[in-house]
>>> print(open('final.txt').read())   # compact mmCIF, C-alpha atoms
# COMPACT_ATOMS: atom_id res chain seq x y z
CA MET A 1 -10.56 197.58 206.01
CA ASN A 2 -11.92 200.72 204.38
CA ILE A 3 -15.32 201.38 206.01
CA PRO A 4 -16.77 203.75 203.35
CA VAL A 5 -16.04 201.24 200.60
CA VAL A 6 -17.68 198.43 202.58
CA LEU A 7 -20.75 200.56 203.35
CA THR A 8 -21.04 201.75 199.77
CA GLY A 9 -20.78 198.15 198.58
CA ALA A 10 -23.47 197.12 201.07
CA ALA A 11 -25.69 199.96 199.85
CA ILE A 12 -25.28 198.90 196.22
CA ILE A 13 -26.09 195.28 197.07
CA SER A 14 -29.14 196.36 199.08
CA VAL A 15 -30.42 198.48 196.22
CA ALA A 16 -29.94 195.61 193.79
CA LEU A 17 -31.81 193.19 196.06
CA LEU A 18 -34.62 195.53 196.99
CA SER A 19 -35.40 197.15 193.67
CA GLY A 20 -37.33 194.28 192.13
CA SER A 21 -40.24 194.53 189.75
CA ALA A 22 -42.91 194.20 192.45
CA GLY A 23 -44.59 197.42 191.36
CA ALA A 24 -44.83 196.40 187.71
CA GLN A 25 -46.20 192.99 188.65
CA GLY A 26 -48.70 194.65 190.98
CA THR A 27 -50.05 196.76 188.13
CA THR A 28 -50.36 193.66 185.94
CA ASP A 29 -52.23 191.86 188.73
CA LYS A 30 -54.60 194.81 189.09
CA ILE A 31 -55.34 194.88 185.35
CA GLU A 32 -55.90 191.13 185.18
CA GLY A 33 -57.96 191.20 188.37
CA THR A 34 -60.21 193.93 187.03
CA ALA A 35 -60.71 191.96 183.80
CA LYS A 36 -61.69 188.87 185.84
CA GLU A 37 -64.09 190.94 187.93
CA VAL A 38 -65.80 192.35 184.82
CA GLN A 39 -65.96 188.91 183.22
CA GLY A 40 -67.41 187.47 186.41
CA SER A 41 -70.00 190.21 186.70
CA VAL A 42 -71.13 189.62 183.12
CA LYS A 43 -71.37 185.85 183.65
CA GLU A 44 -73.21 186.38 186.92
CA THR A 45 -75.73 188.75 185.29
CA VAL A 46 -76.27 186.47 182.30
CA GLY A 47 -76.68 183.50 184.63
CA LYS A 48 -79.31 185.34 186.66
CA ALA A 49 -81.12 186.55 183.52
CA THR A 50 -81.22 183.10 181.93
CA GLY A 51 -81.91 181.20 185.14
CA ASP A 52 -78.63 179.28 184.86
CA PRO A 53 -77.34 178.86 188.44
CA LYS A 54 -74.13 177.19 187.28
CA LEU A 55 -73.20 180.20 185.12
CA GLU A 56 -74.24 182.56 187.91
CA TRP A 57 -72.01 180.80 190.47
CA SER A 58 -69.16 180.63 187.97
CA GLY A 59 -69.49 184.37 187.50
CA THR A 60 -69.49 184.94 191.25
CA ALA A 61 -66.35 182.83 191.59
CA ASP A 62 -64.62 184.77 188.79
CA ARG A 63 -65.62 188.10 190.34
CA VAL A 64 -64.27 187.07 193.75
CA ALA A 65 -61.05 185.75 192.18
CA GLY A 66 -60.63 189.04 190.34
CA ALA A 67 -61.12 191.02 193.54
CA ALA A 68 -58.51 188.84 195.28
CA GLN A 69 -56.06 189.40 192.43
CA ASN A 70 -56.68 193.16 192.69
CA THR A 71 -55.78 192.96 196.38
CA VAL A 72 -52.60 191.08 195.56
CA GLY A 73 -51.76 193.82 193.04
CA ASP A 74 -52.26 196.48 195.71
CA LEU A 75 -49.98 194.58 198.08
CA ARG A 76 -47.29 194.15 195.43
CA ASN A 77 -47.45 197.86 194.60
CA THR A 78 -47.10 198.69 198.29
CA VAL A 79 -44.13 196.34 198.66
CA GLY A 80 -42.52 197.89 195.59
CA GLU A 81 -42.92 201.37 197.08
CA ILE A 82 -41.47 200.24 200.43
CA ASN A 83 -38.54 198.63 198.61
CA ARG A 84 -37.83 201.86 196.74
CA LYS A 85 -37.93 203.89 199.95
CA VAL A 86 -35.65 201.45 201.80
CA ALA A 87 -33.23 201.41 198.87
CA ASN A 88 -33.15 205.22 198.86
CA LEU A 89 -32.55 205.26 202.61
CA VAL A 90 -29.72 202.73 202.38
CA THR A 91 -28.11 204.72 199.58
CA TRP A 92 -28.47 207.96 201.54
CA VAL A 93 -26.90 206.40 204.66
CA GLY A 94 -24.06 204.96 202.59
CA ASN A 95 -23.37 208.32 200.99
CA TYR A 96 -23.57 210.11 204.34
CA VAL A 97 -21.12 207.71 205.99
CA ALA A 98 -18.81 207.90 202.96
CA ARG A 99 -18.68 211.71 203.33
CA ILE A 100 -17.83 211.40 207.03
CA PHE A 101 -14.86 209.12 206.41
>>> encode(input="final.txt", output="structure tokens")
Amino acid sequence: MNIPVVLTGAAIISVALLSGSAGAQGTTDKIEGTAKEVQGSVKETVGKATGDPKLEWSGTADRVAGAAQNTVGDLRNTVGEINRKVANLVTWVGNYVARIF
């Protein structure tokens, strides 16, 4: 068995598995979350101004949901960055071992 070929193959597979679109999805979540937060804040303010507790609570719920979605976006962006770094490390190790053998 040729070790450099096996390690290079493993590196390519690792890169393919790890380089998903987590970062892009995280950005989308952050945009949508911010939109929900703004929408919720507006509903909350209008509900307070008009004395409509149902609209106010609906706005609060939307604002909290938007904040949660923003957090999910941050996590996805972090996972995407970790995946890129691990993929780079695996590629570097594969190349290093291939040069040795």
>>> residues_around(input="final.txt", residues="Thr78 of chain A", least_positions_apart="3", cutoff="12 Å", atoms="all atoms listed in the file", output="list in words")
Ser21, Ala22, Gly23, Ala24, Gln25, Gly26, Thr27, Thr71, Val72, Gly73, Asp74, Leu75, Glu81, Ile82, Asn83, Arg84 and Lys85 of chain A
>>> write_last_selection(input="final.txt", atoms="C-alpha atoms", output="short mmCIF file (atom, residue, chain, number, x, y, z; two decimals), keeping the file's coordinate frame")
data_model
loop_
_atom_site.label_atom_id
_atom_site.label_comp_id
_atom_site.auth_asym_id
_atom_site.auth_seq_id
_atom_site.Cartn_x
_atom_site.Cartn_y
_atom_site.Cartn_z
CA SER A 21 -40.24 194.53 189.75
CA ALA A 22 -42.91 194.20 192.45
CA GLY A 23 -44.59 197.42 191.36
CA ALA A 24 -44.83 196.40 187.71
CA GLN A 25 -46.20 192.99 188.65
CA GLY A 26 -48.70 194.65 190.98
CA THR A 27 -50.05 196.76 188.13
CA THR A 71 -55.78 192.96 196.38
CA VAL A 72 -52.60 191.08 195.56
CA GLY A 73 -51.76 193.82 193.04
CA ASP A 74 -52.26 196.48 195.71
CA LEU A 75 -49.98 194.58 198.08
CA GLU A 81 -42.92 201.37 197.08
CA ILE A 82 -41.47 200.24 200.43
CA ASN A 83 -38.54 198.63 198.61
CA ARG A 84 -37.83 201.86 196.74
CA LYS A 85 -37.93 203.89 199.95
#
>>> residues_around(input="final.txt", residues="Glu32 of chain A", least_positions_apart="2", cutoff="8 Å", atoms="only C-alpha atoms", output="list in words")
Thr28, Asp29, Lys30, Thr34, Ala35, Lys36, Gly66, Gln69 and Asn70 of chain A
>>> closest_residue(input="final.txt", among="A:Ala49, A:Glu56, A:Ala67, A:Gly80", to="Glu37 of chain A", atoms="all atoms listed in the file")
A:Ala67
